[in-house]
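Q: So here's target19.cif (mmCIF, C-alpha atoms and all ligand atoms).
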data_data
#
loop_
_atom_site.label_atom_id
_atom_site.label_comp_id
_atom_site.auth_asym_id
_atom_site.auth_seq_id
_atom_site.Cartn_x
_atom_site.Cartn_y
_atom_site.Cartn_z
CA MET A 145 0.00 0.00 0.00
CA ARG A 146 1.49 3.32 -1.06
CA CYS A 147 -1.00 6.05 -0.33
CA ILE A 148 -1.47 9.69 0.36
CA LEU A 149 -4.04 10.76 2.93
CA LEU A 150 -5.33 14.11 1.73
CA GLY A 151 -7.78 16.42 3.47
CA PRO A 152 -8.00 19.52 5.62
CA PRO A 153 -6.46 19.70 9.07
CA GLY A 154 -8.71 17.75 11.44
CA ALA A 155 -10.06 15.41 8.75
CA GLY A 156 -8.67 12.43 10.68
CA LYS A 157 -5.54 11.76 8.60
CA GLY A 158 -3.35 11.12 11.66
CA THR A 159 -5.98 8.97 13.36
CA GLN A 160 -6.58 6.77 10.30
CA ALA A 161 -2.89 6.52 9.48
CA ALA A 162 -2.05 5.30 12.99
CA ILE A 163 -4.75 2.61 12.85
CA ILE A 164 -3.74 1.43 9.36
CA ARG A 165 -0.03 1.45 10.28
CA ASP A 166 -0.65 -0.86 13.25
CA LYS A 167 -3.03 -3.15 11.37
CA TYR A 168 -1.10 -3.54 8.11
CA THR A 169 2.54 -2.78 9.09
CA VAL A 170 3.20 0.07 6.69
CA ALA A 171 5.27 3.17 7.43
CA HIS A 172 3.23 6.16 8.62
CA ILE A 173 4.97 9.34 7.58
CA SER A 174 3.50 12.48 9.09
CA THR A 175 5.35 15.63 8.07
CA GLY A 176 3.69 17.48 10.98
CA ASP A 177 5.02 14.90 13.50
CA ILE A 178 8.52 15.02 12.01
CA LEU A 179 8.50 18.82 12.13
CA ARG A 180 7.20 18.90 15.74
CA ALA A 181 9.97 16.47 16.79
CA ASN A 182 12.52 18.78 15.13
CA VAL A 183 11.08 21.81 16.93
CA LYS A 184 11.19 19.95 20.25
CA ASN A 185 14.83 18.95 19.71
CA ASN A 186 15.85 22.43 18.51
CA THR A 187 17.38 21.13 15.27
CA ALA A 188 18.28 23.53 12.46
CA LEU A 189 15.15 22.40 10.57
CA GLY A 190 12.99 22.84 13.68
CA MET A 191 14.24 26.37 14.22
CA LYS A 192 13.49 27.30 10.62
CA ALA A 193 10.03 25.67 10.69
CA LYS A 194 8.71 26.88 14.05
CA SER A 195 7.52 30.37 13.15
CA TYR A 196 5.58 29.10 10.12
CA MET A 197 3.94 26.36 12.16
CA ASP A 198 2.95 28.69 15.00
CA ALA A 199 1.30 31.02 12.50
CA GLY A 200 -0.59 28.19 10.75
CA GLU A 201 1.40 28.80 7.54
CA LEU A 202 3.13 26.19 5.40
CA VAL A 203 6.83 25.54 5.92
CA PRO A 204 8.71 26.33 2.66
CA ASP A 205 8.57 23.56 0.03
CA SER A 206 12.38 23.25 -0.25
CA LEU A 207 12.72 22.27 3.44
CA ILE A 208 9.86 19.79 3.27
CA ILE A 209 11.03 18.15 0.05
CA GLU A 210 14.57 17.67 1.40
CA MET A 211 13.14 16.16 4.59
CA MET A 212 10.88 13.76 2.63
CA LYS A 213 13.68 12.69 0.31
CA GLU A 214 15.61 11.42 3.32
CA ARG A 215 12.52 9.85 4.96
CA LEU A 216 11.21 7.99 1.91
CA SER A 217 14.58 6.40 1.23
CA ARG A 218 14.58 4.56 4.59
CA ASP A 219 14.11 0.80 4.70
CA ASP A 220 10.74 0.83 6.49
CA CYS A 221 9.13 2.38 3.39
CA LYS A 222 9.87 -0.69 1.30
CA ARG A 223 6.74 -2.45 2.66
CA GLY A 224 4.58 0.54 1.74
CA PHE A 225 3.78 3.91 3.25
CA LEU A 226 1.01 6.27 4.16
CA LEU A 227 1.79 9.92 3.66
CA ASP A 228 -0.04 12.11 6.16
CA GLY A 229 0.24 15.86 5.59
CA PHE A 230 2.38 15.61 2.46
CA PRO A 231 2.17 16.76 -0.29
CA ARG A 232 0.46 20.03 0.61
CA THR A 233 1.19 22.04 -2.54
CA VAL A 234 1.31 21.22 -6.23
CA SER A 235 5.09 21.72 -6.26
CA GLN A 236 5.44 19.22 -3.40
CA ALA A 237 3.32 16.77 -5.43
CA GLU A 238 5.56 17.26 -8.46
CA ALA A 239 8.66 16.73 -6.31
CA LEU A 240 7.10 13.57 -4.85
CA GLU A 241 6.60 12.19 -8.33
CA ILE A 242 10.31 12.59 -9.03
CA LEU A 243 11.28 11.04 -5.66
CA LEU A 244 9.06 8.01 -6.30
CA LYS A 245 10.40 7.60 -9.82
CA ASP A 246 13.95 7.51 -8.44
CA LEU A 247 12.85 4.87 -5.92
CA GLU A 248 11.11 2.97 -8.76
CA VAL A 249 7.74 2.79 -7.01
CA GLU A 250 4.25 4.09 -7.82
CA LEU A 251 1.38 5.52 -5.80
CA ASP A 252 -1.67 3.26 -5.40
CA ALA A 253 -4.19 5.88 -4.34
CA VAL A 254 -4.84 9.29 -2.85
CA ILE A 255 -7.53 9.00 -0.19
CA LEU A 256 -9.39 12.28 0.19
CA LEU A 257 -10.96 12.62 3.64
CA GLU A 258 -13.84 15.06 3.16
CA VAL A 259 -15.13 17.18 6.06
CA SER A 260 -16.72 20.63 6.28
CA ASP A 261 -14.94 23.61 7.85
CA GLU A 262 -17.40 23.68 10.79
CA VAL A 263 -16.62 20.07 11.67
CA VAL A 264 -12.89 20.80 11.42
CA VAL A 265 -13.13 23.69 13.89
CA LYS A 266 -15.14 21.58 16.34
CA ARG A 267 -12.75 18.64 16.11
CA LEU A 268 -9.50 20.58 16.32
CA SER A 269 -10.44 22.96 19.10
CA GLY A 270 -11.24 19.92 21.31
CA ARG A 271 -8.24 17.85 20.21
CA ARG A 272 -5.61 16.90 22.77
CA MET A 273 -2.35 15.06 22.12
CA CYS A 274 -0.06 13.05 24.37
CA LYS A 275 3.30 14.78 24.95
CA GLN A 276 5.01 11.42 25.21
CA CYS A 277 3.56 9.07 22.55
CA GLY A 278 1.57 11.43 20.29
CA ALA A 279 -1.76 9.57 20.83
CA ILE A 280 -4.78 11.69 19.85
CA TYR A 281 -7.90 12.37 22.00
CA HIS A 282 -10.90 14.71 21.92
CA ILE A 283 -12.31 16.27 25.07
CA GLU A 284 -15.88 15.54 23.92
CA PHE A 285 -15.81 12.76 21.29
CA GLN A 286 -12.93 10.61 22.56
CA PRO A 287 -11.97 11.62 26.10
CA PRO A 288 -9.23 9.76 27.98
CA SER A 289 -10.42 7.78 31.01
CA LYS A 290 -8.47 10.13 33.34
CA ASN A 291 -8.67 13.83 32.60
CA GLY A 292 -5.44 15.11 30.97
CA ILE A 293 -3.65 11.73 31.07
CA CYS A 294 -2.92 9.41 28.13
CA ASP A 295 -4.62 5.99 28.41
CA LYS A 296 -1.82 4.34 26.43
CA CYS A 297 1.34 5.55 28.20
CA GLY A 298 0.29 7.75 31.14
CA GLY A 299 1.83 10.83 29.47
CA GLU A 300 0.45 14.34 29.89
CA LEU A 301 -2.09 15.55 27.30
CA TYR A 302 -1.74 19.02 25.77
CA GLN A 303 -3.41 21.25 23.21
CA ARG A 304 -1.22 22.05 20.20
CA ASP A 305 -0.61 25.80 19.82
CA ASP A 306 -1.95 25.59 16.28
CA ASP A 307 -5.21 24.00 17.51
CA LYS A 308 -6.37 27.35 18.92
CA GLU A 309 -9.39 28.68 17.02
CA GLU A 310 -7.78 31.64 15.20
CA VAL A 311 -4.89 29.46 14.01
CA ILE A 312 -7.34 26.72 12.93
CA ARG A 313 -9.14 29.27 10.70
CA GLN A 314 -5.81 30.32 9.21
CA ARG A 315 -4.81 26.67 8.56
CA LEU A 316 -8.16 26.10 6.83
CA ALA A 317 -7.62 29.16 4.63
CA VAL A 318 -4.15 27.84 3.72
CA TYR A 319 -5.67 24.42 2.95
CA HIS A 320 -8.31 25.86 0.60
CA GLU A 321 -5.81 28.09 -1.15
CA GLN A 322 -2.67 25.95 -1.42
CA THR A 323 -3.58 22.29 -0.81
CA SER A 324 -7.04 21.84 -2.36
CA PRO A 325 -5.65 22.19 -5.95
CA LEU A 326 -4.22 18.71 -5.29
CA VAL A 327 -7.76 17.31 -5.51
CA GLU A 328 -7.88 18.18 -9.20
CA TYR A 329 -4.22 17.23 -9.67
CA TYR A 330 -4.73 13.65 -8.44
CA SER A 331 -8.22 13.32 -9.86
CA SER A 332 -6.85 13.97 -13.35
CA LYS A 333 -4.34 11.16 -12.77
CA GLY A 334 -7.18 8.77 -11.81
CA LEU A 335 -5.77 8.30 -8.29
CA LEU A 336 -8.31 10.17 -6.16
CA ARG A 337 -10.58 8.17 -3.80
CA PRO A 338 -12.97 10.46 -1.89
CA VAL A 339 -14.29 9.26 1.48
CA ASN A 340 -16.92 10.93 3.65
CA ALA A 341 -14.91 11.55 6.83
CA GLU A 342 -17.70 13.16 8.89
CA GLN A 343 -18.32 9.82 10.60
CA SER A 344 -16.77 7.82 13.41
CA SER A 345 -13.17 6.73 12.88
CA ASP A 346 -14.33 3.07 12.71
CA SER A 347 -16.74 3.85 9.85
CA VAL A 348 -14.10 5.84 7.96
CA LEU A 349 -11.62 2.98 8.38
CA ARG A 350 -14.19 0.54 6.95
CA LEU A 351 -14.66 2.76 3.88
CA ILE A 352 -10.91 2.95 3.36
CA GLU A 353 -10.56 -0.82 3.71
CA GLN A 354 -13.36 -1.30 1.15
CA LEU A 355 -11.33 0.77 -1.31
CA PHE A 356 -8.48 -1.71 -0.94
CA GLY A 357 -10.67 -4.80 -0.91
CA LYS A 358 -9.71 -5.55 2.72
CA ASP A 359 -13.20 -5.60 4.25
P1 LIG B 401 -0.08 18.85 10.61
O1 LIG B 401 0.32 18.13 11.86
O2 LIG B 401 -0.04 17.99 9.39
O3 LIG B 401 -1.38 19.60 10.76
O4 LIG B 401 1.06 19.98 10.36
C1 LIG B 401 1.29 21.00 11.29
C2 LIG B 401 2.04 22.15 10.63
O5 LIG B 401 3.30 21.69 10.12
C3 LIG B 401 1.34 22.76 9.42
O6 LIG B 401 0.37 23.74 9.79
C4 LIG B 401 2.52 23.37 8.67
O7 LIG B 401 2.98 24.56 9.30
C5 LIG B 401 3.59 22.32 8.87
N1 LIG B 401 3.57 21.30 7.79
C6 LIG B 401 3.26 19.96 7.93
N2 LIG B 401 3.35 19.34 6.75
C7 LIG B 401 3.72 20.27 5.84
C8 LIG B 401 3.96 20.25 4.44
N3 LIG B 401 3.83 19.12 3.71
N4 LIG B 401 4.32 21.42 3.84
C9 LIG B 401 4.47 22.56 4.53
N5 LIG B 401 4.24 22.66 5.86
C10 LIG B 401 3.87 21.52 6.52
#
When written as structure tokens, how does the structure in this file appear?
Ligand code: AMP
A:
Amino acid sequence: MRCILLGPPGAGKGTQAAIIRDKYTVAHISTGDILRANVKNNTALGMKAKSYMDAGELVPDSLIIEMMKERLSRDDCKRGFLLDGFPRTVSQAEALEILLKDLEVELDAVILLEVSDEVVVKRLSGRRMCKQCGAIYHIEFQPPSKNGICDKCGGELYQRDDDKEEVIRQRLAVYHEQTSPLVEYYSSKGLLRPVNAEQSSDSVLRLIEQLFGKD
């Protein structure tokens, strides 16, 4: 399985990717997670990326493409991969095509997780993440059993700075302007598979599995 998960922030890309990774042993590559780890560790990339991320803007293509070139060439991608949060611009998509050609592999599908802006705002403003293992919760729809504590590892839950409402609106505007042209881009290549993602994560997973004949 070599797939892109496409959709606005809060569509459930990270949630679905984590479930599919565990069930089918494919690499889950989240550019947002890689960037956050770089920010946390104060790497050169993290220092360059931080101000863009805090403002809800995209990190420049050149930095992202370099980072993905290194990541996609690792051994764990040989069994397949799920790209979560990449590509986010047409030039990233064009660069990906060249990277995959060099690796002599092809994309199977681009799964488009469709949700409205109102649902995105509701989901993201209530989202909480574990500082330790990155597990995702929602204060209303998927609360942890103990307030503020991760069920999986006992780590502390936090709200991402970019999950505050004004930054969410900015990220949505960036999605509509810079990322949504990818819908047409992949549709014209016959790779786009739209999925209604305004449902429970179990139902969305079932729809994705149906696309791959795994149900
Ligand atoms: P995410 O966790 O995917 O919502 O990403 C969080 C933030 O990281 C985004 O708002 C961007 O600032 C940055 N980012 C993640 N992926 C990309 C990408 N492919 N291109 C540019 N910026 C990105």
Q: Which residues sit within 8 Å of ligand LIG 401 (chain B), counting all atoms listed in the file, listed as a PyMOL selection string?
A: chain A and resi 153-154+158+174-177+179-180+193-194+196-205+208+228-233+236+306+315
Q: One number please: CA of Gly156 (chain A) to CA of Ser345 (chain A), in Å, one decimal.
A: 7.6 Å
Q: Rank A:Arg313, A:Ser347, A:Gln303, A:Glu353 by their smallest atom-to-atom distance to Val263 (chain A), using all atoms listed in the file, and report the top residue only.
A: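 Distance minimum relative to Val263 (chain A) lands on A:Arg313.
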Q: Which of these residues is nearest to Arg165 (chain A), using only C-alpha atoms: A:Leu349, A:Leu268, A:Ile255, A:Ala317?
A: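 Answer, going by the shortest atom-to-atom distance: A:Leu349.
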Q: With all atoms listed in the file as the basis for distance, which of A:Glu248, A:Glu258, A:Asp219, A:Asp305 is at the shortest distance from Val348 (chain A)?
A: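 Checking each of A:Glu248, A:Glu258, A:Asp219, A:Asp305 against Val348 (chain A), counting all atoms listed in the file, the winner is A:Glu258.
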Q: Neighbours of Ile163 (chain A) within 10 Å (only C-alpha atoms; same-chain residues fewer than 3 positions away dropped), as number ranges by chain?
A: A: 158-160, 166-169, 172, 345-346, 349
Q: Those same residues, written as an mmCIF file, in the coordinates of the input with C-alpha atoms?
A:
data_model
loop_
_atom_site.group_PDB
_atom_site.id
_atom_site.type_symbol
_atom_site.label_atom_id
_atom_site.label_comp_id
_atom_site.auth_asym_id
_atom_site.auth_seq_id
_atom_site.Cartn_x
_atom_site.Cartn_y
_atom_site.Cartn_z
ATOM 1 C CA GLY A 158 -3.350 11.120 11.660
ATOM 2 C CA THR A 159 -5.980 8.970 13.360
ATOM 3 C CA GLN A 160 -6.580 6.770 10.300
ATOM 4 C CA ASP A 166 -0.650 -0.860 13.250
ATOM 5 C CA LYS A 167 -3.030 -3.150 11.370
ATOM 6 C CA TYR A 168 -1.100 -3.540 8.110
ATOM 7 C CA THR A 169 2.540 -2.780 9.090
ATOM 8 C CA HIS A 172 3.230 6.160 8.620
ATOM 9 C CA SER A 345 -13.170 6.730 12.880
ATOM 10 C CA ASP A 346 -14.330 3.070 12.710
ATOM 11 C CA LEU A 349 -11.620 2.980 8.380
#
